[in-house]
file query-v4.txt (compact mmCIF, C-alpha atoms)
# COMPACT_ATOMS: atom_id res chain seq x y z
CA MET A 2 -0.95 45.21 35.07
CA PHE A 3 2.00 42.91 35.58
CA LYS A 4 4.78 42.00 33.22
CA VAL A 5 6.30 38.63 34.01
CA LYS A 6 9.31 36.88 32.55
CA ILE A 7 9.24 33.09 32.68
CA HIS A 8 12.55 31.26 32.29
CA VAL A 9 12.37 27.67 31.07
CA VAL A 10 15.55 25.57 31.00
CA PRO A 11 16.24 21.87 30.46
CA LYS A 12 16.71 20.01 33.74
CA LYS A 13 20.30 19.26 34.68
CA SER A 14 19.62 15.54 34.47
CA ILE A 15 18.57 15.88 30.82
CA ALA A 16 21.03 16.02 27.95
CA ASP A 17 20.94 19.41 26.23
CA PRO A 18 22.61 18.84 22.84
CA GLN A 19 22.01 22.42 21.78
CA GLY A 20 23.69 23.75 24.90
CA SER A 21 26.64 21.36 24.47
CA ALA A 22 27.10 22.43 20.83
CA VAL A 23 27.19 26.13 21.77
CA LYS A 24 29.51 25.43 24.70
CA ASP A 25 31.92 23.60 22.37
CA ALA A 26 31.70 26.36 19.78
CA LEU A 27 32.55 29.00 22.40
CA GLY A 28 35.54 26.85 23.37
CA THR A 29 36.60 26.70 19.73
CA ILE A 30 36.65 30.48 19.39
CA GLY A 31 38.78 30.86 22.49
CA PHE A 32 36.52 31.22 25.52
CA SER A 33 37.84 29.02 28.29
CA GLY A 34 36.44 28.12 31.68
CA ILE A 35 32.85 27.49 30.62
CA GLU A 36 31.69 24.84 33.05
CA GLU A 37 28.12 24.50 31.97
CA LEU A 38 25.83 25.96 29.35
CA ARG A 39 22.17 25.19 28.92
CA ILE A 40 19.77 26.71 26.44
CA GLY A 41 16.16 27.29 27.32
CA LYS A 42 13.55 29.86 26.50
CA ILE A 43 12.04 33.03 27.89
CA VAL A 44 8.32 33.72 27.83
CA GLU A 45 7.20 37.29 28.50
CA ILE A 46 3.64 37.76 29.60
CA LYS A 47 1.63 40.89 30.34
CA LEU A 48 -1.18 40.13 32.72
CA ASP A 49 -4.19 42.25 33.46
CA VAL A 50 -5.10 40.94 36.90
CA SER A 51 -5.85 42.74 40.12
CA ASN A 52 -3.06 41.58 42.39
CA ARG A 53 0.33 39.93 42.43
CA LYS A 54 -0.82 36.81 44.22
CA ASN A 55 -3.37 36.06 41.49
CA ALA A 56 -0.73 36.69 38.85
CA GLU A 57 1.58 34.18 40.52
CA ILE A 58 -1.14 31.54 40.72
CA MET A 59 -2.01 32.06 37.06
CA ILE A 60 1.60 31.87 35.90
CA GLU A 61 2.19 28.67 37.83
CA GLU A 62 -0.90 27.09 36.34
CA MET A 63 0.07 28.16 32.83
CA CYS A 64 3.54 26.68 33.28
CA GLU A 65 2.27 23.40 34.64
CA LYS A 66 -0.44 22.96 32.01
CA LEU A 67 1.33 24.07 28.86
CA ILE A 68 4.45 26.20 28.94
CA VAL A 69 6.70 23.68 30.71
CA ASN A 70 7.07 19.91 30.39
CA PRO A 71 8.06 18.97 33.94
CA LEU A 72 9.64 15.72 32.77
CA ILE A 73 12.48 17.55 31.08
CA GLU A 74 12.27 21.23 32.01
CA GLU A 75 12.28 23.46 35.05
CA TYR A 76 11.10 27.01 35.31
CA SER A 77 11.29 30.16 37.35
CA PHE A 78 9.67 33.53 36.86
CA GLU A 79 10.19 37.13 37.82
CA PHE A 80 8.02 40.23 37.86
CA VAL A 81 9.70 42.83 35.69
CA GLU A 82 7.03 45.55 35.82
CA GLU A 83 4.11 46.34 38.00
CA SER A 84 1.63 49.12 37.44
CA ILE A 85 -1.69 49.42 39.17
CA MET B 19 -14.32 -1.37 10.10
CA LYS B 20 -13.36 2.28 9.82
CA PHE B 21 -10.07 4.08 10.32
CA GLY B 22 -9.80 7.78 11.15
CA VAL B 23 -6.76 9.92 10.39
CA VAL B 24 -6.67 13.11 12.48
CA VAL B 25 -5.62 16.24 10.62
CA PHE B 26 -4.08 19.00 12.71
CA PRO B 27 -2.92 22.30 11.21
CA GLY B 28 0.57 21.32 10.09
CA SER B 29 0.06 17.55 9.79
CA ASN B 30 1.84 16.36 6.66
CA CYS B 31 1.68 12.57 6.75
CA ASP B 32 -2.10 12.45 6.86
CA ALA B 33 -2.39 11.74 3.11
CA ASP B 34 0.29 9.04 3.33
CA SER B 35 -1.54 7.32 6.18
CA TYR B 36 -4.84 7.60 4.32
CA HIS B 37 -3.25 6.13 1.18
CA ALA B 38 -1.62 3.25 3.07
CA LEU B 39 -4.90 2.25 4.69
CA LYS B 40 -7.25 2.87 1.77
CA ASP B 41 -5.31 1.98 -1.36
CA VAL B 42 -2.78 -0.49 -0.02
CA MET B 43 -4.69 -2.19 2.80
CA GLY B 44 -8.15 -1.75 1.22
CA GLN B 45 -9.80 -0.29 4.32
CA GLU B 46 -12.42 2.36 4.84
CA VAL B 47 -10.74 5.59 6.00
CA GLU B 48 -11.84 9.11 6.79
CA TYR B 49 -9.95 12.24 7.73
CA ILE B 50 -10.87 13.74 11.10
CA TRP B 51 -10.41 17.53 11.25
CA HIS B 52 -8.90 18.49 14.60
CA LYS B 53 -11.99 20.51 15.56
CA GLU B 54 -14.30 17.55 15.22
CA GLN B 55 -16.14 16.49 18.37
CA ASN B 56 -17.39 13.03 17.48
CA VAL B 57 -15.16 10.04 16.78
CA ASP B 58 -17.62 7.30 17.73
CA ARG B 59 -17.88 5.95 14.18
CA PHE B 60 -14.23 4.85 14.12
CA ASP B 61 -12.61 1.59 15.15
CA CYS B 62 -9.04 2.84 15.08
CA ILE B 63 -7.56 6.35 15.14
CA ILE B 64 -4.25 7.44 13.64
CA LEU B 65 -2.43 10.59 14.68
CA PRO B 66 -0.14 11.18 11.71
CA GLY B 67 3.27 12.76 11.41
CA GLY B 68 4.01 16.36 10.58
CA PHE B 69 4.64 19.61 12.37
CA SER B 70 1.34 20.36 14.08
CA TYR B 71 1.17 24.04 15.04
CA GLY B 72 4.65 24.47 13.61
CA ASP B 73 6.13 22.50 16.52
CA TYR B 74 5.82 25.75 18.49
CA LEU B 75 6.74 25.63 22.20
CA ARG B 76 7.42 21.85 22.12
CA CYS B 77 6.49 19.23 19.52
CA GLY B 78 2.88 18.22 20.07
CA ALA B 79 2.36 20.58 23.03
CA ILE B 80 -0.30 22.69 21.36
CA ALA B 81 -1.98 19.99 19.25
CA ARG B 82 -2.63 18.13 22.47
CA PHE B 83 -5.21 20.82 23.31
CA SER B 84 -7.01 20.61 19.95
CA PRO B 85 -10.74 19.97 20.49
CA VAL B 86 -10.58 16.46 19.02
CA MET B 87 -7.98 15.33 21.56
CA ASP B 88 -10.49 15.09 24.43
CA LYS B 89 -12.43 12.65 22.27
CA VAL B 90 -9.28 10.75 21.33
CA VAL B 91 -8.48 10.34 25.03
CA LYS B 92 -11.98 8.94 25.67
CA PHE B 93 -11.65 6.69 22.60
CA ALA B 94 -8.35 5.37 23.95
CA ASP B 95 -9.78 4.93 27.45
CA SER B 96 -12.51 2.74 25.97
CA GLY B 97 -9.77 0.34 24.83
CA LYS B 98 -9.90 1.02 21.09
CA PRO B 99 -6.60 1.15 19.22
CA VAL B 100 -4.87 4.50 18.70
CA ILE B 101 -1.52 4.92 16.98
CA GLY B 102 0.61 8.05 16.91
CA ILE B 103 3.30 8.15 14.27
CA CYS B 104 6.21 10.61 14.64
CA ASN B 105 4.49 13.93 15.48
CA GLY B 106 1.49 11.80 16.50
CA PHE B 107 3.74 10.02 19.02
CA GLN B 108 4.89 13.39 20.36
CA ILE B 109 1.26 14.50 20.74
CA LEU B 110 0.37 11.30 22.63
CA THR B 111 3.19 11.85 25.13
CA GLU B 112 2.21 15.50 25.63
CA ALA B 113 -1.40 14.39 26.14
CA GLY B 114 -0.27 11.98 28.85
CA LEU B 115 -1.59 8.94 26.97
CA LEU B 116 1.95 7.60 26.72
CA PRO B 117 4.84 7.99 29.18
CA GLY B 118 8.03 9.91 28.44
CA VAL B 119 8.88 12.63 25.97
CA LEU B 120 10.58 13.07 22.60
CA THR B 121 13.44 15.54 22.76
CA GLN B 122 15.85 16.93 20.20
CA ASN B 123 18.03 14.41 18.35
CA GLN B 124 21.41 14.05 19.98
CA SER B 125 23.11 15.06 16.71
CA LEU B 126 20.92 18.20 16.47
CA LYS B 127 20.20 17.13 12.90
CA PHE B 128 16.94 16.31 11.21
CA ILE B 129 17.37 12.66 10.22
CA CYS B 130 15.56 11.19 7.24
CA LYS B 131 16.60 7.63 6.43
CA MET B 132 15.63 3.97 6.39
CA VAL B 133 16.29 2.25 9.73
CA SER B 134 15.85 -1.23 11.14
CA ILE B 135 13.65 -1.76 14.17
CA ARG B 136 13.21 -4.90 16.22
CA ILE B 137 9.82 -6.08 17.48
CA GLU B 138 9.92 -6.41 21.27
CA ASN B 139 6.32 -7.31 22.04
CA THR B 140 3.90 -9.11 19.72
CA ASN B 141 0.99 -8.92 22.12
CA THR B 142 -0.52 -5.60 20.95
CA PRO B 143 -3.05 -4.71 18.23
CA PHE B 144 -0.35 -3.30 15.95
CA THR B 145 2.20 -6.08 16.36
CA GLU B 146 0.17 -9.25 16.72
CA LEU B 147 1.09 -10.56 13.25
CA CYS B 148 4.79 -9.90 13.81
CA SER B 149 7.16 -12.48 15.19
CA LYS B 150 9.21 -11.82 18.30
CA LYS B 151 12.55 -10.15 17.50
CA GLN B 152 11.48 -9.70 13.87
CA VAL B 153 13.40 -6.88 12.18
CA LEU B 154 11.43 -4.38 10.10
CA LYS B 155 12.83 -1.80 7.70
CA ILE B 156 10.92 1.43 8.18
CA PRO B 157 12.03 5.01 7.52
CA ILE B 158 12.38 7.77 10.09
CA ALA B 159 12.11 11.52 9.41
CA HIS B 160 12.41 13.68 12.49
CA GLY B 161 14.38 16.32 14.35
CA ASP B 162 12.94 15.48 17.77
CA GLY B 163 12.85 11.72 18.16
CA ASN B 164 15.18 11.28 21.10
CA TYR B 165 12.96 9.32 23.47
CA TYR B 166 13.48 10.02 27.15
CA VAL B 167 11.78 8.63 30.23
CA ASP B 168 12.95 8.50 33.84
CA LYS B 169 14.61 5.30 35.08
CA ASP B 170 11.77 4.17 37.36
CA THR B 171 9.12 4.55 34.67
CA LEU B 172 11.39 2.79 32.18
CA LYS B 173 11.72 -0.16 34.54
CA GLU B 174 7.94 -0.37 34.88
CA MET B 175 7.53 -0.16 31.11
CA GLU B 176 10.02 -2.97 30.55
CA LYS B 177 8.19 -5.09 33.09
CA ASN B 178 4.80 -4.43 31.45
CA GLY B 179 6.06 -5.11 27.94
CA GLN B 180 5.47 -1.50 26.90
CA ILE B 181 8.59 -1.28 24.75
CA LEU B 182 7.40 -2.27 21.27
CA PHE B 183 10.27 -1.36 18.94
CA ARG B 184 14.00 -0.74 19.32
CA TYR B 185 16.41 0.64 16.75
CA CYS B 186 18.77 -2.15 15.71
CA ASP B 187 21.23 -3.16 13.00
CA ASN B 188 20.34 -5.50 10.14
CA ASP B 189 20.95 -8.50 12.40
CA GLY B 190 18.62 -7.24 15.09
CA GLU B 191 21.38 -6.12 17.49
CA THR B 192 20.53 -2.94 19.40
CA SER B 193 23.96 -1.33 19.31
CA GLU B 194 24.69 2.33 20.01
CA LYS B 195 25.64 2.66 16.36
CA ALA B 196 22.15 1.56 15.33
CA ASN B 197 20.59 4.29 17.49
CA PRO B 198 19.92 7.21 15.14
CA ASN B 199 18.82 9.87 17.61
CA GLY B 200 20.06 9.11 21.13
CA SER B 201 16.85 7.49 22.39
CA ILE B 202 17.16 5.84 25.77
CA GLU B 203 17.67 2.04 25.37
CA ASN B 204 17.30 2.42 21.57
CA ILE B 205 13.55 2.87 21.99
CA ALA B 206 11.70 3.57 18.72
CA GLY B 207 8.15 2.84 19.83
CA ILE B 208 6.11 2.13 22.93
CA CYS B 209 2.58 1.44 24.11
CA ASN B 210 0.50 2.23 27.18
CA GLN B 211 -0.07 -0.32 29.94
CA GLN B 212 -3.22 -1.66 28.30
CA GLY B 213 -1.42 -2.00 24.96
CA ASN B 214 -4.05 -0.21 22.85
CA VAL B 215 -2.26 3.17 22.56
CA ILE B 216 0.89 3.00 20.49
CA GLY B 217 3.48 5.61 19.63
CA MET B 218 6.37 5.20 17.23
CA MET B 219 8.85 7.53 15.54
CA PRO B 220 9.39 5.45 12.35
CA HIS B 221 6.79 5.85 9.59
CA PRO B 222 5.09 2.54 8.70
CA GLU B 223 2.82 4.39 6.24
CA ARG B 224 5.92 5.21 4.20
CA ALA B 225 6.91 1.55 3.97
CA VAL B 226 3.95 -0.01 2.21
CA ASP B 227 5.25 -0.43 -1.34
CA CYS B 228 8.47 -1.91 -2.68
CA ALA B 229 8.80 1.24 -4.81
CA LEU B 230 9.32 3.08 -1.49
CA GLY B 231 12.13 0.73 -0.47
CA SER B 232 10.18 -1.41 1.96
CA GLU B 233 6.81 -3.01 2.48
CA ASP B 234 7.44 -3.86 6.12
CA GLY B 235 5.03 -1.22 7.41
CA LYS B 236 2.17 -3.28 6.02
CA THR B 237 2.73 -5.87 8.75
CA LEU B 238 1.71 -3.34 11.40
CA PHE B 239 -1.44 -2.25 9.55
CA ALA B 240 -2.31 -5.89 8.75
CA SER B 241 -1.96 -6.62 12.48
CA VAL B 242 -4.46 -4.00 13.56
CA ILE B 243 -6.90 -5.08 10.83
CA HIS B 244 -6.54 -8.67 12.04
CA TYR B 245 -7.04 -7.50 15.63
CA LEU B 246 -10.20 -5.53 14.76
CA GLU B 247 -11.64 -8.40 12.74
CA ARG B 248 -11.01 -10.70 15.66
CA SER B 249 -12.64 -8.26 18.10
CA SER B 250 -15.70 -7.85 15.90
CA VAL B 251 -16.14 -11.64 15.73
CA TYR B 252 -16.15 -11.71 19.54
CA ASP B 253 -18.62 -8.81 19.63
CA SER B 254 -21.07 -10.64 17.40
CA LEU B 255 -21.00 -13.83 19.50

call {"tool": "encode", "arguments": {"input": "query-v4.txt", "output": "structure tokens"}}
result
Amino acid sequence: MFKVKIHVVPKKSIADPQGSAVKDALGTIGFSGIEELRIGKIVEIKLDVSNRKNAEIMIEEMCEKLIVNPLIEEYSFEFVEESI
Amino acid sequence: MKFGVVVFPGSNCDADSYHALKDVMGQEVEYIWHKEQNVDRFDCIILPGGFSYGDYLRCGAIARFSPVMDKVVKFADSGKPVIGICNGFQILTEAGLLPGVLTQNQSLKFICKMVSIRIENTNTPFTELCSKKQVLKIPIAHGDGNYYVDKDTLKEMEKNGQILFRYCDNDGETSEKANPNGSIENIAGICNQQGNVIGMMPHPERAVDCALGSEDGKTLFASVIHYLERSSVYDSL
């Protein structure tokens, strides 16, 4: 069993109005020095597959087919739990 | 001649599209439930607006895998006209039938208002009765209508005449002020390279009666009816 966290964020070349709004709001309440802020999403998946390599292949396929739109988003993932 | 309006879970402009085609334009129309596997009986398919699958993940991302979509792709590949309006446009981009993507409005607000759009190409099934640079008044209602496409693809699209509508002011000028949502180059609607698959954020089905503030949407429906009549005359020769 693997637990994987997928991070999806808007590409740097794409405007992120939500991120800009939150960045400005943080500025308004007194936080200075914020150079960049982007808002994305986290997808947590528990996978019942036999080995880590297969899990990686599956996650990549899931991201490319549905979870991520490569035109505007980029992704990374991490294994947060492994139990065999 | 038969029109089909696809109904996904969460579509909410299906009845408006049906009404526009049936009662206003006097055409034969049928709803197509998203699980249906056969769309051969139709001459034109409409993917209506709404919030299919609650807009979960990304607008249109899940609807694009509805069973009917495989058939819609084949229908489009055969050259028959398909139009996606608002959420339907988002579904067509997710399905890869149209280039680019619709992202969140620059203002972060859901915008519901009448806008002016300028016709950029009259050589498609849905615009053939329009005149070049004609300005139509058609309402928009969306939170994610900010059209984005990379520069190289945009250049190709311009060259192929794939930009169909741009947001403009009453005089037909495409100023930044006339751009409601931040769309690149004021783009409000596009088509594929062949011209038979069309996507637009404004709602022509909501502009078919002067009681609604505009009848300009009728021009687009009249165009596709004209196009289909023309095609069927050729078929029978």

call {"tool": "residues_around", "arguments": {"input": "query-v4.txt", "residues": "region 91-96 of chain B", "least_positions_apart": "4", "cutoff": "10 Å", "atoms": "only C-alpha atoms", "output": "short mmCIF file (atom, residue, chain, number, x, y, z; two decimals) with C-alpha atoms, in the frame of the given file"}}
result
data_model
loop_
_atom_site.label_atom_id
_atom_site.label_comp_id
_atom_site.auth_asym_id
_atom_site.auth_seq_id
_atom_site.Cartn_x
_atom_site.Cartn_y
_atom_site.Cartn_z
CA ASN B 56 -17.39 13.03 17.48
CA VAL B 57 -15.16 10.04 16.78
CA ASP B 58 -17.62 7.30 17.73
CA PHE B 60 -14.23 4.85 14.12
CA ASP B 61 -12.61 1.59 15.15
CA CYS B 62 -9.04 2.84 15.08
CA ILE B 63 -7.56 6.35 15.14
CA VAL B 86 -10.58 16.46 19.02
CA MET B 87 -7.98 15.33 21.56
CA VAL B 100 -4.87 4.50 18.70
CA ILE B 101 -1.52 4.92 16.98
CA LEU B 110 0.37 11.30 22.63
CA ALA B 113 -1.40 14.39 26.14
CA GLY B 114 -0.27 11.98 28.85
CA LEU B 115 -1.59 8.94 26.97
CA ASN B 210 0.50 2.23 27.18
CA GLN B 212 -3.22 -1.66 28.30
CA ASN B 214 -4.05 -0.21 22.85
CA VAL B 215 -2.26 3.17 22.56
#

call {"tool": "interface_residues", "arguments": {"input": "query-v4.txt", "of": "chain B", "to": "chain A", "cutoff": "7 Å", "atoms": "all atoms listed in the file", "output": "VMD selection string"}}
result
chain B and resid 79 124 126

call {"tool": "atom_distance", "arguments": {"input": "query-v4.txt", "atom1": "CA of Lys4 (chain A)", "atom2": "CA of Ile40 (chain A)"}}
result
22.5 Å

call {"tool": "residues_around", "arguments": {"input": "query-v4.txt", "residues": "region 140-152 of chain B", "least_positions_apart": "5", "cutoff": "9 Å", "atoms": "all atoms listed in the file", "output": "list in words"}}
result
Pro99, Ile101, Ile135, Gly179, Leu182, Gly190, Cys209, Gln212, Gly213, Asn214, Ile216, Thr237, Leu238, Phe239, Ala240, Ser241, Val242, Ile243, His244, Tyr245 and Leu246 of chain B

call {"tool": "closest_residue", "arguments": {"input": "query-v4.txt", "among": "A:Ser84, A:Glu65, A:Leu27, A:Pro11", "to": "Leu48 (chain A)", "atoms": "only C-alpha atoms"}}
result
A:Ser84

call {"tool": "residues_around", "arguments": {"input": "query-v4.txt", "residues": "His160 (chain B)", "least_positions_apart": "6", "cutoff": "8 Å", "atoms": "only C-alpha atoms", "output": "list of chain:residue names"}}
result
B:Cys104, B:Phe128, B:Ile129, B:Cys130, B:Met219

call {"tool": "atom_distance", "arguments": {"input": "query-v4.txt", "atom1": "CA of Asp168 (chain B)", "atom2": "CA of Asp73 (chain B)"}}
result
23.3 Å

call {"tool": "atom_distance", "arguments": {"input": "query-v4.txt", "atom1": "CA of Glu54 (chain B)", "atom2": "CA of Val119 (chain B)"}}
result
26.0 Å

call {"tool": "residues_around", "arguments": {"input": "query-v4.txt", "residues": "His37 (chain B)", "least_positions_apart": "5", "cutoff": "9 Å", "atoms": "only C-alpha atoms", "output": "number ranges by chain"}}
result
B: 32, 42-43, 47, 223

call {"tool": "axis_aligned_box", "arguments": {"input": "query-v4.txt", "around": "region 40-54 of chain A", "padding_each_side": "4 Å", "output": "lines of an AutoDock Vina configuration file"}}
result
center_x = 7.0
center_y = 34.7
center_z = 35.3
size_x = 33.6
size_y = 24.0
size_z = 25.8

call {"tool": "residues_near_point", "arguments": {"input": "query-v4.txt", "point": "(-1.9, 10.0, 8.9)", "cutoff": "8 Å", "atoms": "all atoms listed in the file", "output": "MDAnalysis selection string"}}
result
chainID B and resid 23:25 29:36 64:67 103 223
